[in-house]
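Visitor: Dumping the structure here so I can ask a few things about it.
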Amino acid sequence: MIDFDEELKKFQPSREVEEAEEVIYNHDLTDMTDILQEMLKEARRG
């Protein structure tokens, strides 16, 4: 049977996951809100 407490003590997160988190959190990505705001600005100008 698996001893979950013992397994958790041995757990080490993947470096790839940590790198992905850094990339995601450190980049200013365009999202739907940004796109909609830009569309509204253009509509008001035109």
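Please note that chains go A, B, ... in the order of the structure tokens, that every chain numbers its residues from 1, and that ligands are numbered from 1 in the order shown.
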Can you list every residue in chain A that DSSP puts in alpha helix (DSSP H), as a count of residues only?

Guide: 33

Visitor: Could you work out how far atom CA of Pro13 of chain A lies from atom CA of His27 of chain A, giving the answer in Å with one decimal?

Guide: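 The value is 21.9 Å.
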